[in-house]
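**Student:** Got a structure here, written out as structure tokens. Questions coming.
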Amino acid sequence: MEIKYIDTHAHLNLAAFAEDVLAVAGKCAEEGVVVINVGTKASTSKRAVEIAMETFNRAQVAPGGDNCFAIIGLHPINTVPDSHDEEGGEAEEFDIDFYRELAQKGNVVGIGECGFDYYHTPEGSYETQERAFIAQIELANELDLPLMIHTRGPQPGKESPTGRSVYHDVYEVLKQYAKVPFNVHFYAGTSEEAARFFELGGTISFTGVITFAKDYEELVKSAPLDRIHAETDCPYVAPVPYRGQRAEPWMVKEVYKKIASIRGEDEEVVREQLLANARHQYGLSL
């Protein structure tokens, strides 16, 4: 398989793909797309690893099929009761032994997604989220794996639990504890906040939202090309021209193209640089 694109944050491990996950992974392989599936709790992290191993096994009989990798961890919304995770379930504590053992299995390239979510979580949950966040950072440090970071601020009209930006709060925890690279996925902060993450050695990533919302254009233009990634966060936010459909990882090519268009740069140059960024961040020898 000729690698053309890498979707650095996908969720083929969620229920939306329960019926056709290997078919979608196969289409990605045909399109030259490598997929990094990101866990949200124990069950979906385990499923991300299973998908990676299933595509690896398939590649033994159909060369080019080994195109899925896994990031494992506990999403902040799943650290509290009344989870808004699409698969539901009870609140979980981060079981470091479980994730340490899971990380030894095939094609695990990172820890997360971890961080802070002030949108879906109830008041008084900051300390619980912070405890799980720090524990995952410590595991990533131990295993020398990069972190996948989730950030979402409060609903409109509401204050964050700290009175500060979620990006500020995530930055402070990373600055204090992280010894490994990290990616702030689905980035929607300011250029100034992005610059602080870059100073810590981090990267940011953009989704299909940039194909239909103009709010991100200045940020896409100003960010160093070697510090950004493209992702789908599928099954959510399908890019133009697939709006209204279930997002799938092969659609990430539209995000690549839009980044090049916004920046006014050669599409092939941007594609090659984003590939290099993802290979370097996640240690992919593709």
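Residue numbering restarts at 1 in every chain; chains get A, B, ... in the order shown in the structure tokens, and ligands count up from 1 in that same order.
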Which residues, written as a list in words, have at least one atom at most 6 Å from Thr40 of chain A, with only C-alpha atoms counted and residues fewer than 2 positions away on the same chain left out?
**Tutor:**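 Contacts, in chain order: Thr44, Gly73, Leu74 and His75 of chain A.
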**Student:** Would you mind exporting C-alpha atoms of the selected residues as a short mmCIF file (atom, residue, chain, number, x, y, z; two decimals), in the first residue's frame?
**Tutor:**
```
data_model
loop_
_atom_site.label_atom_id
_atom_site.label_comp_id
_atom_site.auth_asym_id
_atom_site.auth_seq_id
_atom_site.Cartn_x
_atom_site.Cartn_y
_atom_site.Cartn_z
CA THR A 44 -13.04 1.07 23.27
CA GLY A 73 -6.77 5.72 27.34
CA LEU A 74 -9.67 7.23 29.25
CA HIS A 75 -11.59 10.22 27.90
#
```
**Student:** Assign secondary structure with DSSP using the backbone only, and return the residues of segment 133-278 of chain A in strand (DSSP E) as a PyMOL selection string.
**Tutor:** chain A and resi 147-152+182-184+203-206+228-230
**Student:** What would the file look like if the residues just selected were written as an mmCIF file, in the first residue's frame with C-alpha atoms?
**Tutor:**
```cif
data_model
loop_
_atom_site.group_PDB
_atom_site.id
_atom_site.type_symbol
_atom_site.label_atom_id
_atom_site.label_comp_id
_atom_site.auth_asym_id
_atom_site.auth_seq_id
_atom_site.Cartn_x
_atom_site.Cartn_y
_atom_site.Cartn_z
ATOM 1 C CA LEU A 147 -0.137 11.744 24.444
ATOM 2 C CA MET A 148 -3.423 12.432 22.685
ATOM 3 C CA ILE A 149 -5.055 15.425 24.362
ATOM 4 C CA HIS A 150 -8.761 16.268 24.570
ATOM 5 C CA THR A 151 -9.862 19.841 25.299
ATOM 6 C CA ARG A 152 -13.384 21.197 25.386
ATOM 7 C CA PHE A 182 1.629 15.419 22.741
ATOM 8 C CA ASN A 183 -1.070 16.387 20.269
ATOM 9 C CA VAL A 184 -3.975 18.675 21.159
ATOM 10 C CA THR A 203 1.373 19.723 18.100
ATOM 11 C CA ILE A 204 -2.233 20.543 17.213
ATOM 12 C CA SER A 205 -4.623 18.959 14.740
ATOM 13 C CA PHE A 206 -7.538 20.070 12.578
ATOM 14 C CA ILE A 228 0.117 20.358 12.747
ATOM 15 C CA HIS A 229 -1.852 17.217 11.847
ATOM 16 C CA ALA A 230 -5.049 16.351 9.984
#
```
**Student:** So, counting only C-alpha atoms, which residue among A:Arg263, A:His120, A:Lys257, A:Lys41 is closest to Phe98 of chain A?
**Tutor:** A:Lys41
**Student:** At a cut-off of 8 Å, using only C-alpha atoms, what residues contact Lys46 of chain A? Leave out same-chain residues fewer than 6 positions from it and give the result as a PyMOL selection string.
**Tutor:** chain A and resi 39+72+102
**Student:** Running DSSP on the backbone, which parts of segment 56-276 of chain A land in alpha helix (DSSP H), as number ranges by chain?
**Tutor:** A: 56-59, 96-102, 126-143, 166-177, 191-199, 217-222, 252-263, 267-276
**Student:** For Glu138 of chain A, please output as a ChimeraX atom specification all residues within 12 Å (counting only C-alpha atoms; exclusion window: fewer than 4 positions along the same chain).
**Tutor:** /A:94,96,99-100,111-112,114,131-134,142-147,173-174,176-180
**Student:** Which of these, A:Gly264, A:Gly110, A:Gly208, A:Pro122, has the shortest distance to Gln155 of chain A once you count only C-alpha atoms?
**Tutor:** A:Pro122
**Student:** Work out how far apart atom CA of Pro161 of chain A and atom CA of Ile77 of chain A are and give it in Å to one decimal.
**Tutor:**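 So the two atoms, atom CA of Pro161 of chain A and atom CA of Ile77 of chain A, lie 14.5 Å apart.
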**Student:** Tell me, in Å to one decimal, how far atom CA of Val170 of chain A is from atom CA of Gly115 of chain A.
**Tutor:**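 Rounded to one decimal, the two atoms are 6.4 Å apart.
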**Student:** What's the separation between atom CA of Glu193 of chain A and atom CA of Pro224 of chain A, in Å to one decimal place?
**Tutor:**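 Calculated distance between atom CA of Glu193 of chain A and atom CA of Pro224 of chain A is 13.7 Å.
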**Student:** Looking at A:Gly89, A:Pro156, A:Pro181, A:Pro76, which one is nearest to Gly283 of chain A, with distances taken over only C-alpha atoms?
**Tutor:**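 Result for the nearest residue to Gly283 of chain A: A:Pro181.
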**Student:** Give me the segment 179-262 of chain A side of the contact with segment 9-24 of chain A, cut-off 8 Å, one line per residue showing its nearest atom pair and distance in Å at one decimal, counting only C-alpha atoms, sorted by chain and residue number, as a tab-separated table.
**Tutor:**
```
residue	atom	partner	partner_atom	distance
A:His185	CA	A:His9	CA	7.5
A:Glu231	CA	A:His9	CA	5.2
A:Thr232	CA	A:Ala10	CA	6.0
A:Asp233	CA	A:Ala10	CA	4.7
A:Cys234	CA	A:Ala10	CA	5.1
A:Pro235	CA	A:His11	CA	6.6
A:Glu248	CA	A:Val24	CA	7.4
A:Pro249	CA	A:Ala10	CA	6.5
```
**Student:** Have a look at A:Ala48, A:Ala188, A:Ala278, A:Leu225 and name the one nearest to Ile262 of chain A; count only C-alpha atoms.
**Tutor:** A:Leu225
**Student:** May I have the residues within 7 Å of Tyr118 of chain A as a ChimeraX atom specification, using only C-alpha atoms and disregarding those fewer than 5 positions away in the same chain?
**Tutor:** /A:152-154,160
**Student:** I'd like to know which of A:Thr121, A:Thr55, A:Thr190, A:Gln245 is closest to Ser222 of chain A, using only C-alpha atoms.
**Tutor:**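 Smallest distance to Ser222 of chain A is found for A:Thr190.
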